[in-house]
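Below: model30.txt (compact mmCIF, C-alpha atoms)
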```txt
# COMPACT_ATOMS: atom_id res chain seq x y z
CA MET A 362 -37.68 14.51 -88.10
CA LYS A 363 -34.63 16.15 -89.46
CA LEU A 364 -31.40 14.25 -89.35
CA ARG A 365 -28.32 16.21 -88.57
CA LYS A 366 -25.16 15.59 -90.49
CA PRO A 367 -22.28 14.71 -88.18
CA LYS A 368 -19.71 17.52 -88.09
CA ASN A 369 -16.67 15.36 -88.83
CA ILE A 370 -18.01 13.89 -92.06
CA GLY A 371 -16.31 15.33 -95.09
CA LYS A 372 -13.50 16.80 -93.01
CA ARG A 373 -10.09 15.34 -92.37
CA GLN A 374 -9.81 14.29 -88.74
CA LYS A 375 -6.99 15.95 -86.91
CA LYS A 376 -4.48 13.53 -85.41
CA MET A 377 -3.66 14.06 -81.76
CA SER A 378 -0.08 13.81 -80.59
CA PHE A 379 1.96 14.93 -77.57
CA PHE A 380 2.95 18.13 -79.28
CA SER A 381 -0.55 19.00 -80.45
CA TYR A 382 -2.32 18.16 -77.20
CA ASN A 383 -4.08 21.08 -75.68
CA PHE A 384 -3.20 21.16 -72.00
CA SER A 385 -5.54 24.04 -71.38
CA PRO A 386 -8.99 23.05 -72.66
CA LYS A 387 -10.54 26.40 -71.80
CA ASN A 388 -8.07 28.37 -73.79
CA ARG A 389 -7.35 26.75 -77.13
CA LYS A 390 -5.08 29.58 -78.23
CA GLY A 391 -2.74 28.82 -75.34
CA THR A 392 -1.56 25.57 -76.97
CA ILE A 393 1.52 27.14 -78.53
CA LEU A 394 2.61 28.65 -75.21
CA MET A 395 2.14 25.33 -73.41
CA GLU A 396 4.15 23.46 -76.03
CA ASN A 397 6.98 25.94 -75.75
CA LEU A 398 6.90 25.73 -71.99
CA ILE A 399 7.15 21.93 -72.04
CA PHE A 400 9.90 22.15 -74.63
CA ILE A 401 11.92 24.55 -72.45
CA ILE A 402 11.34 22.47 -69.29
CA LEU A 403 12.45 19.29 -71.05
CA ASN A 404 15.55 21.06 -72.33
CA LEU A 405 16.38 22.28 -68.84
CA VAL A 406 15.82 18.82 -67.34
CA PHE A 407 18.02 17.33 -70.01
CA LEU A 408 20.84 19.83 -69.50
CA SER A 409 20.71 19.54 -65.71
CA ILE A 410 21.00 15.74 -65.97
CA LEU A 411 24.01 16.19 -68.24
CA ILE A 412 25.67 18.67 -65.84
CA LEU A 413 24.96 16.40 -62.85
CA PHE A 414 26.53 13.49 -64.71
CA LEU A 415 29.63 15.57 -65.51
CA PHE A 416 30.08 16.73 -61.92
CA SER A 417 29.51 13.25 -60.53
CA LYS A 418 32.26 11.94 -62.80
CA MET A 419 34.66 14.80 -62.11
CA GLY A 420 34.38 14.88 -58.34
CA GLY A 421 33.70 11.22 -57.64
CA ALA A 422 35.29 9.59 -54.62
CA ALA A 423 37.12 7.01 -56.76
CA VAL A 424 38.70 9.73 -58.93
CA LEU A 425 39.76 11.74 -55.86
CA GLU A 426 41.22 8.68 -54.16
CA GLU A 427 43.33 7.81 -57.17
CA ARG A 428 44.41 11.40 -57.75
CA TYR A 429 45.54 12.00 -54.18
CA ALA A 430 47.20 8.58 -53.73
CA LYS A 431 49.33 9.14 -56.82
CA GLN A 432 50.02 12.77 -55.95
CA ILE A 433 51.22 11.82 -52.46
CA ALA A 434 53.34 8.97 -53.84
CA LEU A 435 55.04 11.38 -56.24
CA LEU A 436 55.58 13.95 -53.48
CA LEU A 437 57.20 11.34 -51.27
CA ASP A 438 59.35 10.04 -54.13
CA SER A 439 60.89 13.48 -54.50
CA ALA A 440 61.13 14.22 -50.78
CA LYS A 441 64.31 14.35 -48.73
CA PRO A 442 64.81 13.69 -45.00
CA GLY A 443 64.00 16.67 -42.82
CA MET A 444 61.21 17.90 -45.06
CA THR A 445 57.62 18.55 -44.03
CA ILE A 446 55.22 18.59 -46.95
CA SER A 447 51.77 20.12 -46.66
CA LEU A 448 49.00 19.09 -49.05
CA ASP A 449 45.64 20.80 -49.42
CA MET A 450 42.98 18.07 -49.57
CA GLU A 451 39.87 20.12 -48.91
CA ASP A 452 37.73 18.50 -51.62
CA ALA A 453 38.73 14.99 -50.56
CA ILE A 454 38.07 15.70 -46.87
CA GLN A 455 34.66 17.19 -47.69
CA LYS A 456 33.85 14.07 -49.68
CA ALA A 457 34.96 11.85 -46.76
CA GLU A 458 32.75 13.81 -44.36
CA LYS A 459 29.80 13.34 -46.71
CA GLU A 460 30.50 9.61 -46.78
CA GLU A 461 30.81 9.65 -42.95
CA TRP A 462 34.43 8.54 -43.05
CA PRO A 463 36.74 10.09 -40.42
CA ALA A 464 38.97 12.81 -41.91
CA ASP A 465 42.02 11.71 -39.91
CA LYS A 466 41.85 8.25 -41.54
CA VAL A 467 41.81 9.49 -45.14
CA VAL A 468 45.55 9.01 -45.75
CA THR A 469 47.47 6.06 -44.34
CA ILE A 470 50.99 4.89 -45.10
CA GLU A 471 52.13 1.35 -44.51
CA GLU A 472 55.73 0.50 -45.35
CA ASN A 473 56.01 2.30 -48.67
CA VAL A 474 52.39 2.18 -49.81
CA VAL A 475 50.10 5.20 -49.62
CA THR A 476 46.38 4.52 -49.25
CA VAL A 477 43.74 7.20 -49.70
CA LYS A 478 40.31 6.15 -48.49
CA LEU A 479 37.27 8.42 -48.62
CA ARG A 480 34.50 5.91 -47.96
CA GLU A 481 33.75 2.64 -46.21
CA LYS A 482 33.92 0.52 -49.36
CA GLY A 483 36.71 2.08 -51.32
CA GLY A 484 40.31 3.21 -51.18
CA TYR A 485 43.21 3.45 -53.56
CA SER A 486 46.78 2.37 -52.85
CA TYR A 487 49.96 3.33 -54.65
CA SER A 488 53.56 2.55 -53.76
CA TYR A 489 56.54 4.87 -53.73
CA PHE A 490 60.22 3.92 -53.90
CA ASN A 491 61.76 6.48 -51.55
CA ASP A 492 62.88 4.49 -48.51
CA MET A 493 62.26 7.04 -45.77
CA LYS A 494 60.27 7.10 -42.57
CA THR A 495 57.09 8.96 -43.45
CA SER A 496 54.13 9.83 -41.27
CA PRO A 497 50.89 11.39 -42.53
CA ASN A 498 49.24 13.87 -40.18
CA PHE A 499 45.86 15.53 -40.44
CA ASN A 500 46.03 19.26 -39.79
CA LEU A 501 43.55 19.76 -36.94
CA THR A 502 43.81 23.56 -37.08
CA ASN A 503 42.35 24.20 -40.52
CA LYS A 504 40.90 20.70 -41.05
CA LYS A 505 41.56 20.71 -44.78
CA GLU A 506 45.23 19.76 -45.04
CA TYR A 507 47.47 16.79 -44.52
CA TYR A 508 51.14 17.20 -43.76
CA PHE A 509 53.85 14.60 -44.20
CA VAL A 510 56.95 14.48 -42.04
CA ILE A 511 59.89 12.79 -43.75
CA GLU A 512 62.70 11.39 -41.67
CA GLU A 513 65.72 9.19 -42.26
CA LYS A 514 65.06 5.49 -41.59
CA MET B 1266 5.99 23.88 -105.66
CA LYS B 1267 4.48 22.87 -102.34
CA ILE B 1268 3.82 25.51 -99.79
CA ILE B 1269 3.84 24.51 -96.17
CA LYS B 1270 0.56 25.79 -94.87
CA ASN B 1271 0.81 24.27 -91.42
CA LYS B 1272 3.61 26.18 -89.74
CA ILE B 1273 2.93 24.73 -86.31
CA GLY B 1274 3.41 21.21 -87.69
CA ALA B 1275 6.79 22.23 -89.11
CA ASP B 1276 7.82 23.60 -85.69
CA LYS B 1277 6.92 20.28 -84.09
CA ILE B 1278 9.13 18.39 -86.52
CA ILE B 1279 11.97 20.81 -85.78
CA SER B 1280 11.57 20.28 -82.02
CA VAL B 1281 11.78 16.49 -82.49
CA TYR B 1282 14.99 16.95 -84.45
CA TRP B 1283 16.20 19.29 -81.75
CA PHE B 1284 15.82 16.52 -79.17
CA VAL B 1285 17.54 14.04 -81.45
CA ILE B 1286 20.49 16.45 -81.79
CA LEU B 1287 20.50 17.04 -78.02
CA PHE B 1288 20.70 13.30 -77.37
CA ILE B 1289 23.52 12.87 -79.89
CA VAL B 1290 25.47 15.73 -78.26
CA ALA B 1291 24.80 14.32 -74.77
CA ALA B 1292 25.91 10.86 -75.83
CA ALA B 1293 29.12 12.30 -77.31
CA ILE B 1294 29.84 14.30 -74.13
CA ALA B 1295 29.09 11.27 -71.93
CA TYR B 1296 31.38 9.10 -74.04
CA MET B 1297 34.22 11.64 -73.85
CA VAL B 1298 33.82 12.11 -70.10
CA ILE B 1299 33.70 8.37 -69.41
CA SER B 1300 36.73 7.70 -71.63
CA PHE B 1301 38.67 10.55 -69.95
CA TYR B 1302 37.79 9.91 -66.31
CA GLY B 1303 37.61 6.14 -66.75
CA LYS B 1304 41.29 6.02 -67.62
CA PRO B 1305 43.76 6.14 -64.76
CA TYR B 1306 46.25 8.98 -64.45
CA ASP B 1307 49.53 7.84 -65.99
CA ILE B 1308 52.31 9.02 -63.68
CA ARG B 1309 55.00 6.53 -64.68
CA GLU B 1310 57.01 9.13 -66.57
CA LEU B 1311 57.08 11.34 -63.47
CA GLU B 1312 58.01 8.35 -61.33
CA ALA B 1313 60.83 7.36 -63.67
CA ASN B 1314 62.10 10.95 -63.65
CA ALA B 1315 62.01 11.07 -59.86
CA LEU B 1316 63.82 7.74 -59.69
CA THR B 1317 66.52 8.92 -62.11
CA ASN B 1318 67.01 12.15 -60.15
CA ARG B 1319 67.30 10.23 -56.90
CA ILE B 1320 69.91 7.89 -58.39
CA ALA B 1321 71.82 10.84 -59.86
CA ASP B 1322 71.82 12.55 -56.43
CA CYS B 1323 73.04 9.32 -54.91
CA VAL B 1324 75.91 8.87 -57.40
CA SER B 1325 77.15 12.45 -57.43
CA GLU B 1326 77.37 15.20 -54.86
CA GLY B 1327 78.09 18.81 -55.70
CA GLY B 1328 79.18 17.90 -59.25
CA TYR B 1329 81.69 15.29 -58.04
CA ILE B 1330 81.25 11.55 -58.14
CA ARG B 1331 80.97 10.04 -54.68
CA ASN B 1332 84.05 7.96 -53.83
CA GLU B 1333 82.05 5.03 -52.45
CA VAL B 1334 80.20 4.54 -55.77
CA LEU B 1335 83.17 2.74 -57.27
CA VAL B 1336 83.55 0.44 -54.26
CA GLN B 1337 82.32 -3.18 -54.40
CA THR B 1338 80.02 -2.90 -51.33
CA PHE B 1339 78.12 0.01 -52.92
CA ARG B 1340 77.54 -2.02 -56.07
CA GLU B 1341 76.19 -4.95 -54.08
CA ASN B 1342 73.80 -2.87 -51.94
CA PHE B 1343 73.06 -0.16 -54.44
CA LEU B 1344 69.33 0.08 -53.57
CA GLU B 1345 70.00 0.36 -49.85
CA GLN B 1346 72.81 2.84 -50.37
CA CYS B 1347 70.54 5.09 -52.42
CA ASN B 1348 67.59 4.68 -50.01
CA LEU B 1349 65.45 2.93 -52.59
CA ASN B 1350 62.72 0.45 -51.76
CA PHE B 1351 61.19 -1.37 -54.72
CA GLU B 1352 58.54 -3.18 -52.67
CA VAL B 1353 55.05 -2.57 -54.04
CA GLU B 1354 51.45 -3.12 -52.99
CA ASP B 1355 50.08 -6.64 -53.34
CA THR B 1356 47.64 -6.13 -56.21
CA TYR B 1357 47.58 -7.66 -59.70
CA GLY B 1358 50.34 -10.03 -58.52
CA TRP B 1359 52.81 -7.14 -58.37
CA LYS B 1360 54.65 -8.43 -55.30
CA GLU B 1361 56.04 -11.46 -57.18
CA GLN B 1362 56.73 -9.60 -60.41
CA GLY B 1363 58.60 -6.48 -59.31
CA GLN B 1364 57.55 -3.19 -60.85
CA PHE B 1365 60.81 -1.25 -60.86
CA TYR B 1366 64.22 -1.61 -62.37
CA ALA B 1367 67.19 0.71 -62.09
CA GLU B 1368 70.61 0.39 -63.66
CA ILE B 1369 73.73 2.51 -63.42
CA GLU B 1370 76.73 2.28 -65.74
CA ILE B 1371 79.85 4.35 -65.18
CA PHE B 1372 82.21 4.89 -68.11
CA ASP B 1373 85.56 6.62 -68.46
CA PHE B 1374 84.66 9.77 -70.38
CA ASN B 1375 87.74 9.71 -72.62
CA SER B 1376 88.30 6.02 -73.35
CA LYS B 1377 84.58 5.11 -73.12
CA GLY B 1378 85.59 1.99 -71.20
CA LYS B 1379 83.15 0.70 -68.62
CA ILE B 1380 84.40 1.23 -65.09
CA SER B 1381 81.48 0.10 -62.99
CA GLY B 1382 77.89 -1.05 -63.23
CA MET B 1383 75.12 -1.90 -60.81
CA SER B 1384 71.42 -2.65 -60.97
CA GLY B 1385 68.42 -3.42 -58.83
CA GLY B 1386 64.82 -4.53 -59.29
CA ASN B 1387 63.17 -6.71 -61.90
CA SER B 1388 65.70 -7.10 -64.73
CA ASN B 1389 63.08 -8.76 -66.99
CA LEU B 1390 61.56 -5.35 -67.57
CA LYS B 1391 64.63 -4.30 -69.52
CA GLU B 1392 63.64 -6.22 -72.65
CA PHE B 1393 60.46 -4.13 -73.03
CA CYS B 1394 62.45 -0.95 -73.60
CA GLU B 1395 63.01 -1.86 -77.24
CA VAL B 1396 59.37 -2.82 -77.80
CA LYS B 1397 56.78 -0.34 -78.99
CA GLY B 1398 53.13 -0.65 -78.10
CA GLU B 1399 50.56 -0.30 -75.37
CA LYS B 1400 50.65 -1.69 -71.86
CA ILE B 1401 54.41 -1.91 -71.69
CA PRO B 1402 56.70 -0.57 -68.95
CA PHE B 1403 57.98 2.99 -69.14
CA CYS B 1404 61.74 3.30 -69.72
CA LEU B 1405 63.84 6.37 -69.17
CA LYS B 1406 67.50 6.61 -70.16
CA ARG B 1407 69.60 9.51 -69.01
CA SER B 1408 73.31 10.20 -68.89
CA PHE B 1409 75.41 12.90 -67.29
CA TYR B 1410 78.99 13.98 -67.03
CA VAL B 1411 80.78 14.01 -63.70
CA ILE B 1412 84.34 14.36 -62.37
CA ASP B 1413 86.10 13.20 -59.25
CA LYS B 1414 88.36 15.16 -56.87
CA LYS B 1415 91.35 14.32 -59.05
CA ASN B 1416 89.59 15.71 -62.13
CA ALA B 1417 89.13 12.31 -63.75
CA GLN B 1418 86.10 12.46 -66.06
CA TYR B 1419 83.23 10.01 -66.06
CA GLN B 1420 80.01 9.45 -67.92
CA VAL B 1421 77.16 8.01 -65.88
CA ASN B 1422 74.27 6.30 -67.66
CA ILE B 1423 71.08 5.70 -65.72
CA LEU B 1424 68.23 3.50 -66.86
CA SER B 1425 64.99 3.69 -64.89
CA ILE B 1426 62.03 1.45 -65.65
CA VAL B 1427 58.59 1.61 -64.08
CA ARG B 1428 55.99 -1.03 -64.95
CA LYS B 1429 52.74 -0.56 -62.99
CA THR B 1430 50.77 -0.75 -66.24
CA GLU B 1431 47.54 -1.93 -64.63
CA LYS B 1432 47.22 1.22 -62.54
CA ASN B 1433 48.40 3.66 -65.18
CA GLU B 1434 47.06 2.41 -68.49
CA GLN B 1435 43.76 1.03 -69.68
```
As C-alpha cells:
Amino acid sequence: MKLRKPKNIGKRQKKMSFFSYNFSPKNRKGTILMENLIFIILNLVFLSILILFLFSKMGGAAVLEERYAKQIALLLDSAKPGMTISLDMEDAIQKAEKEEWPADKVVTIEENVVTVKLREKGGYSYSYFNDMKTSPNFNLTNKKEYYFVIEEK
Amino acid sequence: MKIIKNKIGADKIISVYWFVILFIVAAAIAYMVISFYGKPYDIRELEANALTNRIADCVSEGGYIRNEVLVQTFRENFLEQCNLNFEVEDTYGWKEQGQFYAEIEIFDFNSKGKISGMSGGNSNLKEFCEVKGEKIPFCLKRSFYVIDKKNAQYQVNILSIVRKTEKNEQ
C-alpha cells in the first residue's frame, strides 16, 4: 500500500483573516472584488453614520428650542409698541409636528419670559427686559410662522 | 533589499490604516461638533447693546435730553420710566440674584461735573466689570453727547450689565 504525503507538509500554511476570506468559494479569483466591495460598503456605512450624527446635532430639538427662545427674546428687547414682528419658524414647527406637539403651543410668553417647546419633555425659557404687552400668535394661513404683537402695558 | 512579493497583503495593511485614519477623522469631527453645538449661544453682548439703546432712547429724544430725566421722580423710578423689567425666569436661582444692572450718569459737558445719576438692578454685578476671566457678567459702557432745548451740553454715560452666565457660557 502506498502512503500519500499530505499536501500541506513542507508548505507554509496560509493564515485566514477577514480580509483574506473568500466569500465566493466557487470563484477563488473573485476574492479581490469581494474585499473591495466590503471595503466600500464599510466606508459608506461609516460616512453615513457620521453624516447622520452631524445632522442630528445640528437640527436637534434642544438646539432649535434654545436658538428660537433667544432669538425671540432679542427681537422683543428691541421692539417698540405698535410693532408686529413675524418670525419664520418652519424648521421648529416641522420638528414639533414630528414630536406630536401642537404647533400653536410652540411659543409661549409669561410675564417677560419666552418659552419655546417642541416636545413633551423639553422646552427652553429665556427672559427679556422690555416691559411691553406681548402676545405670540401662530400664523394659521401658512402654518410656518409666528407673529408677535407688541403693545404698551 | 526586501521586495514585497505579496501585493494583496500590502493592500490589506493599507485598508486597515485607512480605517484607523477614518476613525481618527470621525472622532475629531464628532469632538468639534459636540464642543460647538454643546455650548449655548452667547447673546449677552446683543442683550447689553439692546439695553443700552433702550436706555439711550429713554434719556434722549430727537437729539435733545428729555426734561423729566433730571427730575427726582424719574431717578427713583428709572426702570419703570424706561419700560424696563429686570425680572427673570426662576432657574439657577436667578430670581434671587438679579441678572441685569443698568446705570446712567449725566455730566455737564464743559465742567465735567456730575448732574444726575440713577441705577436699577443688581448692583453687585458692577464689581465684575474690572475682572477678567470666564463665567463673568458682560459689561458694556457707552457714552453720548446730548443737548437740551436751551443748548446746554451734557454727556450721558450708560453702563449695562447682563449676567445670565449659566445659559450663555459653558
Problem set entry | Interface residues on chain B facing chain A, 8 Å, all atoms listed in the file, written as a list in words |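 Matching residues, ligands excluded from the count: Lys1277, Ser1280, Ala1291, Ala1295, Val1298, Ile1299, Tyr1302, Pro1305, Tyr1306, Ile1308, Leu1311, Glu1312, Ala1315, Leu1316, Arg1319, Asn1348, Leu1349, Asn1350, Phe1351, Glu1352, Val1353 and Glu1354 of chain B.
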Problem set entry | Distance in Å - CA of Gly1386 in chain B versus CA of Leu1344 in chain B |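 According to the coordinates, CA of Gly1386 in chain B and CA of Leu1344 in chain B are separated by 8.6 Å.
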Exercise. How many Å lie between CA of Gly1385 in chain B and CA of Ala1367 in chain B, rounded to one decimal?
Worked result: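 Straight-line distance from CA of Gly1385 in chain B to CA of Ala1367 in chain B works out to 5.4 Å.
Minimum atom-to-atom distances from A:Leu394, A:Ala423, A:Asn498, A:Glu481 to Ile511 in chain A were compared using all atoms listed in the file, and the lowest value belongs to A:Asn498.
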Seminar exercise, completed: Correct to one decimal, the distance CA of Tyr1410 in chain B-CA of Phe1374 in chain B is 7.8 Å
Exercise. Which of these, B:Asp1307, B:Glu1333, B:Glu1370, B:Asp1322, has the shortest distance to Gln1420 in chain B once you count only C-alpha atoms?
Worked result: B:Glu1370
